[in-house]
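Chemist: One file is attached below, work39.cif, containing mmCIF, C-alpha atoms.
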```cif
data_target
#
loop_
_atom_site.label_atom_id
_atom_site.label_comp_id
_atom_site.auth_asym_id
_atom_site.auth_seq_id
_atom_site.Cartn_x
_atom_site.Cartn_y
_atom_site.Cartn_z
CA MET A 18 0.00 0.00 0.00
CA ILE A 19 1.48 3.34 -1.05
CA THR A 20 1.44 5.78 1.86
CA GLU A 21 0.70 9.50 1.73
CA THR A 22 4.36 10.20 2.54
CA GLN A 23 5.53 8.04 -0.36
CA LEU A 24 2.98 9.63 -2.68
CA THR A 25 4.21 13.12 -1.76
CA ALA A 26 7.80 12.09 -2.51
CA ILE A 27 6.72 10.56 -5.83
CA GLN A 28 4.90 13.76 -6.76
CA THR A 29 7.95 15.88 -5.93
CA TYR A 30 10.21 13.60 -7.98
CA ALA A 31 7.94 13.67 -11.03
CA LEU A 32 7.49 17.43 -10.97
CA GLN A 33 11.26 17.89 -10.77
CA LYS A 34 11.89 15.50 -13.67
CA LEU A 35 9.45 17.33 -15.98
CA ALA A 36 10.11 20.84 -14.66
CA HIS A 37 11.88 21.96 -17.84
CA ASP A 38 9.71 20.19 -20.39
CA HIS A 39 8.65 22.29 -23.39
CA SER A 40 6.72 19.66 -25.32
CA GLY A 41 3.36 19.80 -23.54
CA HIS A 42 4.27 17.13 -20.98
CA GLY A 43 5.38 19.41 -18.17
CA ARG A 44 4.15 20.11 -14.65
CA ASP A 45 0.79 21.48 -15.75
CA HIS A 46 0.11 18.28 -17.71
CA LEU A 47 1.01 16.12 -14.71
CA GLN A 48 -1.25 18.18 -12.45
CA ARG A 49 -4.22 17.94 -14.82
CA VAL A 50 -3.74 14.20 -15.33
CA ASN A 51 -3.69 13.73 -11.57
CA ARG A 52 -6.88 15.72 -11.08
CA LEU A 53 -8.56 13.61 -13.76
CA ALA A 54 -7.10 10.38 -12.35
CA ARG A 55 -8.42 11.21 -8.89
CA ARG A 56 -11.87 11.90 -10.31
CA LEU A 57 -11.91 8.69 -12.36
CA ALA A 58 -10.44 6.51 -9.59
CA LYS A 59 -13.15 7.59 -7.17
CA ALA A 60 -15.88 7.00 -9.76
CA GLU A 61 -14.53 3.58 -10.76
CA GLY A 62 -13.43 2.30 -7.34
CA ALA A 63 -9.71 2.05 -8.14
CA ASN A 64 -6.95 2.11 -5.53
CA LEU A 65 -6.45 5.85 -5.18
CA ASN A 66 -2.82 6.12 -4.07
CA LEU A 67 -1.57 3.56 -6.60
CA THR A 68 -3.50 5.38 -9.32
CA LEU A 69 -2.07 8.74 -8.35
CA ALA A 70 1.47 7.40 -8.02
CA ALA A 71 1.32 6.03 -11.57
CA ALA A 72 -0.31 9.24 -12.81
CA TRP A 73 2.54 11.35 -11.42
CA LEU A 74 5.15 9.00 -12.90
CA HIS A 75 3.60 8.15 -16.26
CA ASP A 76 5.96 10.37 -18.30
CA VAL A 77 9.22 10.17 -16.33
CA ILE A 78 10.57 7.19 -18.33
CA ASP A 79 8.97 8.01 -21.70
CA ASP A 80 11.54 7.58 -24.47
CA LYS A 81 10.18 10.54 -26.44
CA LEU A 82 10.88 12.83 -23.47
CA MET A 83 13.98 11.34 -21.86
CA ALA A 84 17.34 11.38 -23.63
CA ASP A 85 18.23 8.05 -21.98
CA SER A 86 15.08 6.12 -21.13
CA ALA A 87 17.03 3.17 -19.69
CA LYS A 88 18.77 5.47 -17.22
CA ALA A 89 15.45 7.16 -16.42
CA HIS A 90 13.98 3.73 -15.69
CA GLN A 91 16.81 2.86 -13.29
CA ASP A 92 16.63 6.31 -11.67
CA LEU A 93 12.96 5.71 -10.95
CA ILE A 94 13.67 2.30 -9.42
CA ASP A 95 16.32 3.90 -7.22
CA GLN A 96 13.87 6.64 -6.18
CA LEU A 97 11.13 4.16 -5.30
CA ASN A 98 13.59 2.01 -3.35
CA ALA A 99 14.77 5.09 -1.45
CA GLN A 100 11.16 5.74 -0.47
CA ASN A 101 10.71 2.09 0.62
CA VAL A 102 7.97 1.48 -1.91
CA THR A 103 7.29 -2.26 -1.80
CA ALA A 104 8.28 -4.58 -4.62
CA ALA A 105 4.60 -5.34 -5.25
CA ASP A 106 3.72 -1.66 -5.58
CA GLN A 107 6.72 -1.04 -7.83
CA THR A 108 5.64 -3.90 -10.07
CA ALA A 109 2.12 -2.48 -10.23
CA ILE A 110 3.41 1.01 -11.10
CA PHE A 111 5.72 -0.20 -13.87
CA ALA A 112 2.99 -2.46 -15.27
CA ILE A 113 1.01 0.74 -15.81
CA ILE A 114 3.59 3.25 -17.01
CA ASP A 115 5.42 0.75 -19.25
CA HIS A 116 2.28 -0.18 -21.17
CA MET A 117 -0.20 2.71 -21.19
CA SER A 118 1.09 5.00 -23.95
CA PHE A 119 -0.62 5.29 -27.33
CA SER A 120 2.56 4.15 -29.06
CA LYS A 121 2.43 0.82 -27.17
CA SER A 122 -0.92 0.06 -28.84
CA PHE A 123 0.90 -0.48 -32.13
CA ASN A 124 2.10 -3.75 -30.60
CA GLY A 125 -1.50 -4.84 -29.93
CA PRO A 126 -3.90 -4.25 -27.03
CA GLN A 127 -2.17 -3.80 -23.68
CA LYS A 128 -3.64 -5.45 -20.58
CA LEU A 129 -3.89 -2.92 -17.78
CA SER A 130 -5.17 -3.10 -14.22
CA LEU A 131 -8.15 -0.95 -13.27
CA GLU A 132 -5.69 1.63 -11.95
CA GLY A 133 -3.80 1.48 -15.24
CA GLN A 134 -7.00 1.96 -17.21
CA VAL A 135 -7.81 5.01 -15.09
CA VAL A 136 -4.38 6.58 -15.59
CA GLN A 137 -4.46 5.83 -19.31
CA ASP A 138 -7.90 7.45 -19.58
CA ALA A 139 -6.76 10.51 -17.61
CA ASP A 140 -3.70 10.94 -19.82
CA ARG A 141 -5.75 10.54 -22.99
CA LEU A 142 -8.41 12.96 -21.79
CA ASP A 143 -5.70 15.60 -21.40
CA ALA A 144 -4.77 15.00 -25.05
CA ILE A 145 -8.22 15.97 -26.34
CA GLY A 146 -10.68 18.86 -26.04
CA ALA A 147 -9.59 22.48 -25.76
CA ILE A 148 -6.44 21.57 -23.85
CA GLY A 149 -5.72 18.87 -26.41
CA ILE A 150 -5.96 21.39 -29.25
CA ALA A 151 -3.46 23.66 -27.53
CA ARG A 152 -1.10 20.79 -26.74
CA ALA A 153 -1.24 19.39 -30.27
CA LEU A 154 -0.27 22.74 -31.79
CA TYR A 155 2.35 23.33 -29.10
CA TYR A 156 3.98 19.93 -29.62
CA SER A 157 4.00 20.24 -33.41
CA GLY A 158 5.79 23.55 -33.08
CA HIS A 159 8.21 22.00 -30.59
CA VAL A 160 9.25 19.29 -33.08
CA GLY A 161 9.20 21.58 -36.12
CA GLU A 162 6.11 20.24 -37.89
CA LYS A 163 3.84 22.29 -40.13
CA ILE A 164 0.49 23.37 -38.75
CA TYR A 165 -1.29 22.17 -41.90
CA ASP A 166 -0.62 21.22 -45.49
CA PRO A 167 -3.63 20.17 -47.64
CA ALA A 168 -1.26 18.23 -49.89
CA ILE A 169 -0.29 15.91 -47.02
CA ALA A 170 -3.06 13.43 -46.28
CA PRO A 171 -3.50 11.95 -42.81
CA ARG A 172 -1.87 8.54 -42.49
CA GLU A 173 -4.49 5.83 -42.10
CA HIS A 174 -2.03 3.11 -41.15
CA MET A 175 1.20 3.72 -39.26
CA THR A 176 3.88 1.68 -37.55
CA ARG A 177 5.12 2.72 -34.13
CA GLU A 178 8.34 3.91 -35.79
CA GLN A 179 6.43 6.12 -38.22
CA TYR A 180 4.23 7.50 -35.45
CA ARG A 181 7.23 8.44 -33.35
CA HIS A 182 9.72 9.59 -35.97
CA GLN A 183 8.04 10.42 -39.29
CA PRO A 184 7.03 14.10 -39.51
CA GLY A 185 3.35 14.93 -39.96
CA THR A 186 1.26 18.06 -39.45
CA ALA A 187 -0.60 19.38 -36.43
CA ILE A 188 -4.00 19.09 -38.11
CA ASN A 189 -3.31 15.58 -39.38
CA HIS A 190 -2.52 14.55 -35.81
CA PHE A 191 -6.21 14.99 -34.99
CA TYR A 192 -7.12 12.38 -37.60
CA GLU A 193 -4.19 10.08 -36.90
CA LYS A 194 -4.66 9.96 -33.12
CA LEU A 195 -6.83 12.47 -31.28
CA PHE A 196 -10.19 11.75 -32.93
CA LYS A 197 -9.62 8.03 -32.20
CA LEU A 198 -9.09 8.35 -28.47
CA ALA A 199 -12.76 8.59 -27.42
CA ALA A 200 -13.35 5.06 -28.73
CA LEU A 201 -10.33 3.79 -26.79
CA MET A 202 -11.38 5.02 -23.35
CA ASN A 203 -11.70 2.30 -20.72
CA THR A 204 -14.03 3.75 -18.10
CA ASP A 205 -17.59 5.01 -18.39
CA THR A 206 -16.70 8.33 -16.77
CA ALA A 207 -13.90 8.94 -19.26
CA LYS A 208 -16.09 7.94 -22.20
CA ALA A 209 -18.65 10.61 -21.27
CA LEU A 210 -15.97 13.31 -20.92
CA ALA A 211 -14.26 12.21 -24.13
CA ALA A 212 -17.43 12.52 -26.20
CA HIS A 213 -17.76 16.23 -25.42
CA ARG A 214 -14.06 16.95 -25.78
CA THR A 215 -13.96 15.20 -29.14
CA ALA A 216 -16.88 17.30 -30.37
CA VAL A 217 -14.90 20.41 -29.40
CA MET A 218 -11.97 19.23 -31.51
CA HIS A 219 -14.14 18.44 -34.53
CA GLU A 220 -15.63 21.92 -34.38
CA PHE A 221 -12.13 23.43 -34.20
CA VAL A 222 -10.78 21.44 -37.15
CA ASP A 223 -13.85 22.20 -39.28
CA GLN A 224 -13.53 25.91 -38.53
CA PHE A 225 -9.77 25.82 -39.14
CA LYS A 226 -10.22 24.30 -42.59
CA ALA A 227 -13.00 26.75 -43.44
CA GLU A 228 -10.75 29.66 -42.54
CA TRP A 229 -7.82 28.13 -44.42
CA THR A 230 -9.80 28.24 -47.66
CA ALA A 231 -11.62 31.48 -46.74
CA ASP A 232 -14.95 29.63 -46.76
CA ASP A 233 -15.88 30.49 -43.18
CA LYS A 234 -19.24 32.10 -42.50
CA ALA A 235 -19.64 35.73 -41.51
#
```
Output the structure of this file as C-alpha cells.

Modeler:
Amino acid sequence: MITETQLTAIQTYALQKLAHDHSGHGRDHLQRVNRLARRLAKAEGANLNLTLAAAWLHDVIDDKLMADSAKAHQDLIDQLNAQNVTAADQTAIFAIIDHMSFSKSFNGPQKLSLEGQVVQDADRLDAIGAIGIARALYYSGHVGEKIYDPAIAPREHMTREQYRHQPGTAINHFYEKLFKLAALMNTDTAKALAAHRTAVMHEFVDQFKAEWTADDKA
C-alpha cells in the first residue's frame, strides 16, 4: 500500500523531472492528469494512491521525453527504493507506465489493471478537447512540424516507428490519433468526458479548414 508520505515524494520527484519540459508534458500536464485520475479513480473504485502514483510517474521514463530512457527507468527504481515502496507496488506502477502509452498500442492491445486503465484514460483525456488542441499545436511547433498542409493526407495506417519519428502536421494529428481516443477510453466516466471533448476538436478542425480556404461564415 502506497502511503501518503511516499505519494508526496513521488509527486515531488515527477514534478522535478518534468520541470523543464517544453513539449506539452510538463508540470501542468502532470497536475491535470492527476486531477482527472483522482476523479476517475473515485468514480470507478480504483486504488487511489496507486493510481495517483502512476499518474505522477507516467511520463518520467517516456523515451520521447527522456534522452536516456534506460537510465530514467533505473533512476525511478532507485527513487522508489529510497522511499521504501514495496516490490509489489513497484511492479504495479511499472505495469502501468510501461504499457499505457498510445505508441504501445501499435504492438497490440495492452492489458492494464483498473488503476492502469484510469491513468491511461486521464492521460488521454488531457490530449483531447480544448487543452488537447493547444497541446497538439504546441507539440508540433516543438518538433518543427507544419500546422497544416492540404497536400499531405492523414496517415491511415502507421507503424510505431512512423508515429514516433516520421514528420506529420498538427492538423493531421487529430485524424491520426486524437479523434480516435474517445473510442479507446476504458471507463464510463472517461467515455462521457471524451465525447464532449472530441466534439470540441471536430468543431475546431472544421472551422480551421474553413478559414484556411476562406470559406468560413460571416

Chemist: Could you give me, as CSV, every region 133-163 of chain A residue with an atom at most 6 Å from region 34-41 of chain A, plus its closest atom pair and distance in Å to one decimal, counting only C-alpha atoms, rows ordered by chain then number?

Modeler:
```
residue,atom,partner,partner_atom,distance
A:Arg152,CA,A:Gly41,CA,5.6
A:Tyr156,CA,A:Ser40,CA,5.1
A:His159,CA,A:Ser40,CA,6.0
```

Chemist: Report as a PyMOL selection string the residues that result from applying the PyMOL selection byres ((chain A and resi 78) around 10) to the structure here.

Modeler: chain A and resi 34+74-77+79-93+111+114-115

Chemist: Pull out every residue that the PyMOL selection byres ((chain A and resi 100) around 12) matches in the shown coordinates and put them as a ChimeraX atom specification.

Modeler: /A:19-30,93-99,101-104,106-107

Chemist: Measuring atom to atom with only C-alpha atoms, identify which of A:Ala72, A:Pro171, A:Thr206, A:Glu220 is nearest to Ile110 (chain A).

Modeler: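 Residue with the minimum atom-to-atom distance to Ile110 (chain A): A:Ala72.
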
Chemist: Could you give me, as a list in words, the residues within 7 Å of region 184-197 of chain A, counting only C-alpha atoms and dropping anything in the same chain fewer than 3 positions from it?

Modeler: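 The residues satisfying every condition are Ile145, Ala153, Leu154, Ser157, Glu162, Lys163, Ile164, Tyr165, Pro171, Arg172, Glu173, Ala200, Leu201 and Thr215 of chain A.
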
Chemist: Quick one: distance from CA of Ala227 (chain A) to CA of Ile169 (chain A) in Å, one decimal?

Modeler: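 It comes out at 17.1 Å.
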
Chemist: Could the residues of region 138-180 of chain A that have an atom at most 12 Å from region 67-71 of chain A be listed as CSV, each with its closest atom pair and the distance in Å to one decimal, counting all atoms listed in the file and ordered by chain and ascending residue number?

Modeler:
```
residue,atom,partner,partner_atom,distance
A:Asp138,CA,A:Thr68,CA,11.4
A:Ala139,CA,A:Thr68,CA,10.3
A:Asp140,CA,A:Ala71,CA,10.8
```

Chemist: What gap, in Å, lies between CA of Glu178 (chain A) and CA of Val50 (chain A)?

Modeler: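 Calculated distance between CA of Glu178 (chain A) and CA of Val50 (chain A) is 25.9 Å.
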
Chemist: Which value, in Å to one decimal, gives the distance between CA of Asp223 (chain A) and CA of Arg141 (chain A)?

Modeler: 21.6 Å

Chemist: Run through the PyMOL selection byres ((chain A and resi 57) around 12) on the given coordinates and return the selected residues as an mmCIF file with C-alpha atoms, in the frame of the given file.

Modeler:
```cif
data_model
loop_
_atom_site.group_PDB
_atom_site.id
_atom_site.type_symbol
_atom_site.label_atom_id
_atom_site.label_comp_id
_atom_site.auth_asym_id
_atom_site.auth_seq_id
_atom_site.Cartn_x
_atom_site.Cartn_y
_atom_site.Cartn_z
ATOM 1 C CA VAL A 50 -3.740 14.200 -15.330
ATOM 2 C CA ASN A 51 -3.690 13.730 -11.570
ATOM 3 C CA ARG A 52 -6.880 15.720 -11.080
ATOM 4 C CA LEU A 53 -8.560 13.610 -13.760
ATOM 5 C CA ALA A 54 -7.100 10.380 -12.350
ATOM 6 C CA ARG A 55 -8.420 11.210 -8.890
ATOM 7 C CA ARG A 56 -11.870 11.900 -10.310
ATOM 8 C CA ALA A 58 -10.440 6.510 -9.590
ATOM 9 C CA LYS A 59 -13.150 7.590 -7.170
ATOM 10 C CA ALA A 60 -15.880 7.000 -9.760
ATOM 11 C CA GLU A 61 -14.530 3.580 -10.760
ATOM 12 C CA GLY A 62 -13.430 2.300 -7.340
ATOM 13 C CA ALA A 63 -9.710 2.050 -8.140
ATOM 14 C CA ASN A 64 -6.950 2.110 -5.530
ATOM 15 C CA LEU A 65 -6.450 5.850 -5.180
ATOM 16 C CA THR A 68 -3.500 5.380 -9.320
ATOM 17 C CA LEU A 69 -2.070 8.740 -8.350
ATOM 18 C CA ALA A 72 -0.310 9.240 -12.810
ATOM 19 C CA LEU A 131 -8.150 -0.950 -13.270
ATOM 20 C CA GLU A 132 -5.690 1.630 -11.950
ATOM 21 C CA GLY A 133 -3.800 1.480 -15.240
ATOM 22 C CA GLN A 134 -7.000 1.960 -17.210
ATOM 23 C CA VAL A 135 -7.810 5.010 -15.090
ATOM 24 C CA VAL A 136 -4.380 6.580 -15.590
ATOM 25 C CA GLN A 137 -4.460 5.830 -19.310
ATOM 26 C CA ASP A 138 -7.900 7.450 -19.580
ATOM 27 C CA ALA A 139 -6.760 10.510 -17.610
ATOM 28 C CA ASP A 140 -3.700 10.940 -19.820
ATOM 29 C CA LEU A 142 -8.410 12.960 -21.790
ATOM 30 C CA MET A 202 -11.380 5.020 -23.350
ATOM 31 C CA ASN A 203 -11.700 2.300 -20.720
ATOM 32 C CA THR A 204 -14.030 3.750 -18.100
ATOM 33 C CA ASP A 205 -17.590 5.010 -18.390
ATOM 34 C CA THR A 206 -16.700 8.330 -16.770
ATOM 35 C CA ALA A 207 -13.900 8.940 -19.260
ATOM 36 C CA LYS A 208 -16.090 7.940 -22.200
ATOM 37 C CA ALA A 209 -18.650 10.610 -21.270
ATOM 38 C CA LEU A 210 -15.970 13.310 -20.920
#
```

Chemist: Under the rule that all atoms listed in the file are counted, which of A:Gly161, A:Pro126, A:Gly43, A:Gly146 is the nearest residue to Gln183 (chain A)?

Modeler: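 Once distances to Gln183 (chain A) are computed over all atoms listed in the file, the minimum belongs to A:Gly161.
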
Chemist: Using only C-alpha atoms, give me every residue within 7 Å of (3.9, 18.3, -11.9) in file coordinates, as a ChimeraX atom specification.

Modeler: /A:28,31-32,35,43-48

Chemist: Hey, can you spit out that residue selection with C-alpha atoms as a compact mmCIF listing (two decimals), in the frame of the given file?

Modeler:
```
# COMPACT_ATOMS: atom_id res chain seq x y z
CA GLN A 28 4.90 13.76 -6.76
CA ALA A 31 7.94 13.67 -11.03
CA LEU A 32 7.49 17.43 -10.97
CA LEU A 35 9.45 17.33 -15.98
CA GLY A 43 5.38 19.41 -18.17
CA ARG A 44 4.15 20.11 -14.65
CA ASP A 45 0.79 21.48 -15.75
CA HIS A 46 0.11 18.28 -17.71
CA LEU A 47 1.01 16.12 -14.71
CA GLN A 48 -1.25 18.18 -12.45
```

Chemist: Between A:Val222, A:Arg214, A:Asn66, A:Trp73, which residue has the minimum interatomic distance to Gln33 (chain A), considering all atoms listed in the file?

Modeler: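 Of the candidates, the smallest distance to Gln33 (chain A) is held by A:Trp73.
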
Chemist: My list of candidates is A:Ala168, A:Leu198, A:Met18, A:Met175. Which is closest to Ala109 (chain A) when distances are computed with all atoms listed in the file?

Modeler: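 Checking each of A:Ala168, A:Leu198, A:Met18, A:Met175 against Ala109 (chain A), counting all atoms listed in the file, the winner is A:Met18.
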
Chemist: Go through A:Leu129, A:Met218, A:Ala105, A:Ile113 and flag the residue nearest Ala144 (chain A), using only C-alpha atoms for the distances.

Modeler: A:Met218

Chemist: Rank A:Ala112, A:Gly158, A:Gly149, A:Asp166 by their smallest atom-to-atom distance to Lys128 (chain A), using only C-alpha atoms, and report the top residue only.

Modeler: A:Ala112
